[in-house]
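J.: Structure supplied as structure.txt; contents: compact mmCIF, C-alpha atoms.
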# COMPACT_ATOMS: atom_id res chain seq x y z
CA GLN A 29 154.41 -54.82 -102.06
CA LEU A 30 156.97 -52.45 -100.61
CA GLN A 31 160.72 -52.91 -100.19
CA LEU A 32 162.58 -50.87 -97.61
CA VAL A 33 166.31 -50.12 -97.48
CA GLU A 34 167.84 -48.38 -94.49
CA SER A 35 171.10 -46.47 -94.39
CA GLY A 36 172.93 -44.02 -92.17
CA GLY A 37 173.87 -46.21 -89.25
CA GLY A 38 177.36 -46.31 -87.85
CA LEU A 39 179.57 -45.75 -84.86
CA VAL A 40 179.19 -42.52 -82.92
CA GLN A 41 180.32 -41.27 -79.54
CA ALA A 42 177.84 -40.63 -76.78
CA GLY A 43 176.24 -37.24 -77.28
CA GLY A 44 176.70 -37.43 -81.03
CA SER A 45 174.18 -37.47 -83.85
CA LEU A 46 173.20 -39.70 -86.73
CA ARG A 47 170.60 -39.43 -89.45
CA LEU A 48 168.99 -42.61 -90.66
CA SER A 49 167.28 -42.86 -94.01
CA CYS A 50 164.85 -45.42 -95.37
CA ILE A 51 164.04 -45.55 -99.05
CA ALA A 52 160.95 -47.40 -100.16
CA SER A 53 160.39 -48.94 -103.53
CA GLY A 54 156.81 -49.60 -104.49
CA SER A 55 153.56 -47.81 -104.98
CA PHE A 56 151.55 -45.51 -102.80
CA PHE A 57 154.32 -44.76 -100.33
CA SER A 58 152.54 -41.61 -99.22
CA LEU A 59 149.64 -43.68 -97.88
CA TYR A 60 151.76 -45.79 -95.53
CA LYS A 61 152.36 -45.12 -91.89
CA MET A 62 156.14 -45.23 -91.49
CA GLY A 63 158.08 -46.05 -88.39
CA TRP A 64 161.51 -46.69 -86.94
CA TYR A 65 162.01 -49.53 -84.51
CA ARG A 66 165.13 -50.76 -82.76
CA GLN A 67 166.27 -54.00 -81.24
CA ALA A 68 169.21 -54.37 -78.93
CA PRO A 69 170.80 -57.77 -78.27
CA GLY A 70 168.67 -59.80 -75.90
CA LYS A 71 165.83 -57.29 -75.97
CA GLN A 72 162.53 -57.01 -77.75
CA ARG A 73 162.05 -54.80 -80.74
CA GLU A 74 160.60 -51.46 -79.70
CA LEU A 75 159.01 -48.54 -81.46
CA VAL A 76 161.21 -45.46 -81.61
CA ALA A 77 159.11 -43.13 -83.73
CA ALA A 78 156.33 -43.18 -86.29
CA ILE A 79 154.76 -40.80 -88.78
CA THR A 80 151.42 -41.09 -90.51
CA TRP A 81 150.66 -40.20 -94.09
CA LEU A 82 149.24 -36.93 -92.77
CA GLY A 83 152.48 -36.15 -90.97
CA SER A 84 151.34 -36.84 -87.42
CA THR A 85 154.18 -38.18 -85.31
CA ASN A 86 154.64 -40.13 -82.11
CA TYR A 87 157.77 -41.02 -80.21
CA ALA A 88 158.93 -43.34 -77.49
CA ASP A 89 159.18 -41.39 -74.26
CA SER A 90 162.89 -42.11 -74.06
CA VAL A 91 163.67 -40.26 -77.31
CA LYS A 92 161.29 -37.31 -77.13
CA GLY A 93 163.11 -34.05 -77.63
CA ARG A 94 166.17 -35.76 -79.12
CA PHE A 95 164.92 -37.69 -82.15
CA THR A 96 162.90 -36.39 -85.07
CA ILE A 97 161.10 -38.46 -87.67
CA SER A 98 160.21 -36.95 -91.01
CA ARG A 99 159.22 -38.07 -94.48
CA ASP A 100 159.59 -36.88 -98.03
CA ASN A 101 156.84 -38.50 -100.05
CA ALA A 102 158.27 -37.20 -103.32
CA LYS A 103 161.43 -39.20 -102.60
CA ASN A 104 159.72 -42.20 -101.01
CA THR A 105 161.96 -41.67 -98.01
CA VAL A 106 161.58 -41.47 -94.27
CA TYR A 107 164.28 -40.10 -91.98
CA LEU A 108 165.21 -40.36 -88.34
CA GLN A 109 167.41 -37.60 -86.98
CA MET A 110 168.97 -38.78 -83.73
CA ASN A 111 170.71 -36.31 -81.45
CA SER A 112 172.35 -36.68 -78.06
CA LEU A 113 172.72 -40.40 -78.54
CA LYS A 114 173.31 -42.62 -75.53
CA PRO A 115 175.26 -45.88 -75.28
CA GLU A 116 172.11 -47.76 -74.31
CA GLU A 117 170.64 -46.82 -77.69
CA THR A 118 173.05 -49.13 -79.43
CA ALA A 119 170.83 -51.39 -81.50
CA LEU A 120 169.78 -52.53 -84.93
CA TYR A 121 167.38 -49.92 -86.25
CA TYR A 122 164.61 -51.07 -88.57
CA CYS A 123 162.38 -49.18 -90.93
CA ASN A 124 158.73 -50.21 -90.95
CA ALA A 125 155.84 -49.47 -93.28
CA GLU A 126 152.27 -50.18 -92.28
CA ARG A 127 149.52 -50.29 -94.87
CA THR A 128 145.95 -49.28 -94.15
CA ASP A 129 144.98 -52.97 -93.83
CA ARG A 130 147.71 -53.35 -91.18
CA THR A 131 150.06 -55.28 -93.46
CA ASN A 132 153.61 -54.56 -92.34
CA TYR A 133 156.85 -54.38 -94.27
CA TRP A 134 160.33 -54.33 -92.75
CA GLY A 135 163.78 -53.38 -93.88
CA GLN A 136 166.91 -55.35 -93.08
CA GLY A 137 168.05 -52.89 -90.44
CA THR A 138 171.00 -50.59 -89.97
CA GLN A 139 173.35 -50.88 -87.01
CA VAL A 140 173.79 -47.95 -84.66
CA THR A 141 176.58 -48.22 -82.12
CA VAL A 142 177.05 -45.52 -79.51
CA SER A 143 180.33 -45.62 -77.63
CA SER A 144 180.72 -44.24 -74.13
Starting from the coordinates I provided, produce the structure as structure tokens.

T.:
Amino acid sequence: QLQLVESGGGLVQAGGSLRLSCIASGSFFSLYKMGWYRQAPGKQRELVAAITWLGSTNYADSVKGRFTISRDNAKNTVYLQMNSLKPEETALYYCNAERTDRTNYWGQGTQVTVSS
């Protein structure tokens, strides 16, 4: 079992930056694939970025070059650095952990609002 708590969301102007954090409580954090998803009102949840236990990353095309996902296994934490934010990226951002057997865990989400 893994519990995830996100933080770092808030209100930012277009072009600004935010850093999201997700702290996991539980065992074997380093073995989980971690990801950030977002869901805007009326839209489906979408993958923003993910990082494997080996450190391999993948990003949604729309955020490549602007967002960076990273993890600190010693702190059971995954981060999402978001730069050059756009108003259309206003959404609830969720932390996700995927176990090797494909069991998924989700945080409660942190709101990111980008004003124009």

J.: So, with all atoms listed in the file as the atoms that count, which of A:Pro69, A:Gly83, A:Pro115, A:Gly63 lies closest to Val40 (chain A)?

T.: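 With all atoms listed in the file as the atom set, the closest residue is A:Pro115.
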
J.: Could you give me, as a list in words, the residues within 12 Å of Asn132 (chain A), counting only C-alpha atoms and dropping anything in the same chain fewer than 4 positions from it?

T.: Gln29, Leu30, Gln31, Leu32, Tyr60, Lys61, Met62, Gly63, Cys123, Asn124, Ala125, Glu126, Arg127 and Thr128 of chain A

J.: Between A:Ser90, A:Thr80, A:Gln136, A:Asn104, which has the minimum distance to Leu120 (chain A) (counting all atoms listed in the file)?

T.: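 Nearest candidate to Leu120 (chain A) out of A:Ser90, A:Thr80, A:Gln136, A:Asn104: A:Gln136.
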
J.: Quick check, in Å to one decimal: how far apart do CA of Arg94 (chain A) and CA of Trp64 (chain A) lie?

T.: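 Distance reported for this atom pair: 14.2 Å.
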
J.: Please compute the CA of Arg99 (chain A)-CA of Cys50 (chain A) distance, one decimal, in Å.

T.: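 Spanning CA of Arg99 (chain A) to CA of Cys50 (chain A) is a straight-line distance of 9.3 Å.
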
J.: Find the residue from A:Tyr121, A:Trp134, A:Phe95, A:Trp81 that sits nearest to Ser45 (chain A); use only C-alpha atoms when measuring.

T.: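 For Ser45 (chain A), the nearest of the given residues is A:Phe95.
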
J.: Just checking: using all atoms listed in the file, which residue out of A:Val33, A:Gln41, A:Asp129, A:Asp100 ends up closest to Leu113 (chain A)?

T.: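 Between A:Val33, A:Gln41, A:Asp129, A:Asp100, the residue approaching Leu113 (chain A) most closely is A:Gln41.
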
J.: Rounded to one decimal place, report the CA of Gln139 (chain A)-CA of Leu46 (chain A) distance in Å.

T.: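 Rounded to one decimal, the two atoms are 11.2 Å apart.
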
J.: What lies within 12 Å of Ser144 (chain A) using only C-alpha atoms, ignoring chain neighbours under 2 positions off, as a list in words?

T.: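 Contacts, with the query itself left out: Leu39, Val40, Gln41, Ala42, Gly43, Gly44, Ser112, Leu113, Lys114, Pro115, Glu116, Glu117, Thr118, Thr141 and Val142 of chain A.
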
J.: Any chance you could work out the axis-aligned box around region 57-75 of chain A, listed atoms only, 8 Å on each side, giving centre and edge lengths in Å to one decimal, as JSON?

T.:
{"center_x": 160.2, "center_y": -50.7, "center_z": -88.1, "size_x": 37.2, "size_y": 34.2, "size_z": 40.4}

J.: Write out as a list in words which residues come within 6 Å of Tyr65 (chain A) when counting all atoms listed in the file, dropping same-chain ones fewer than 6 positions away.

T.: Glu74, Leu75, Val76, Tyr121 and Tyr122 of chain A

J.: Have a look at A:Thr96, A:Asn101, A:Ser143, A:Gln109 and name the one nearest to Gly54 (chain A); count only C-alpha atoms.

T.: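 Of A:Thr96, A:Asn101, A:Ser143, A:Gln109, the one nearest Gly54 (chain A), counting only C-alpha atoms, is A:Asn101.
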
J.: Write out as a compact mmCIF listing (two decimals) with C-alpha atoms, in the coordinates of the input which residues come within 9 Å of Asn86 (chain A) when counting only C-alpha atoms, dropping same-chain ones fewer than 5 positions away.

T.:
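Written out: selection.txt:
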# COMPACT_ATOMS: atom_id res chain seq x y z
CA VAL A 76 161.21 -45.46 -81.61
CA ALA A 77 159.11 -43.13 -83.73
CA ALA A 78 156.33 -43.18 -86.29
CA ILE A 79 154.76 -40.80 -88.78
CA LYS A 92 161.29 -37.31 -77.13
CA ILE A 97 161.10 -38.46 -87.67
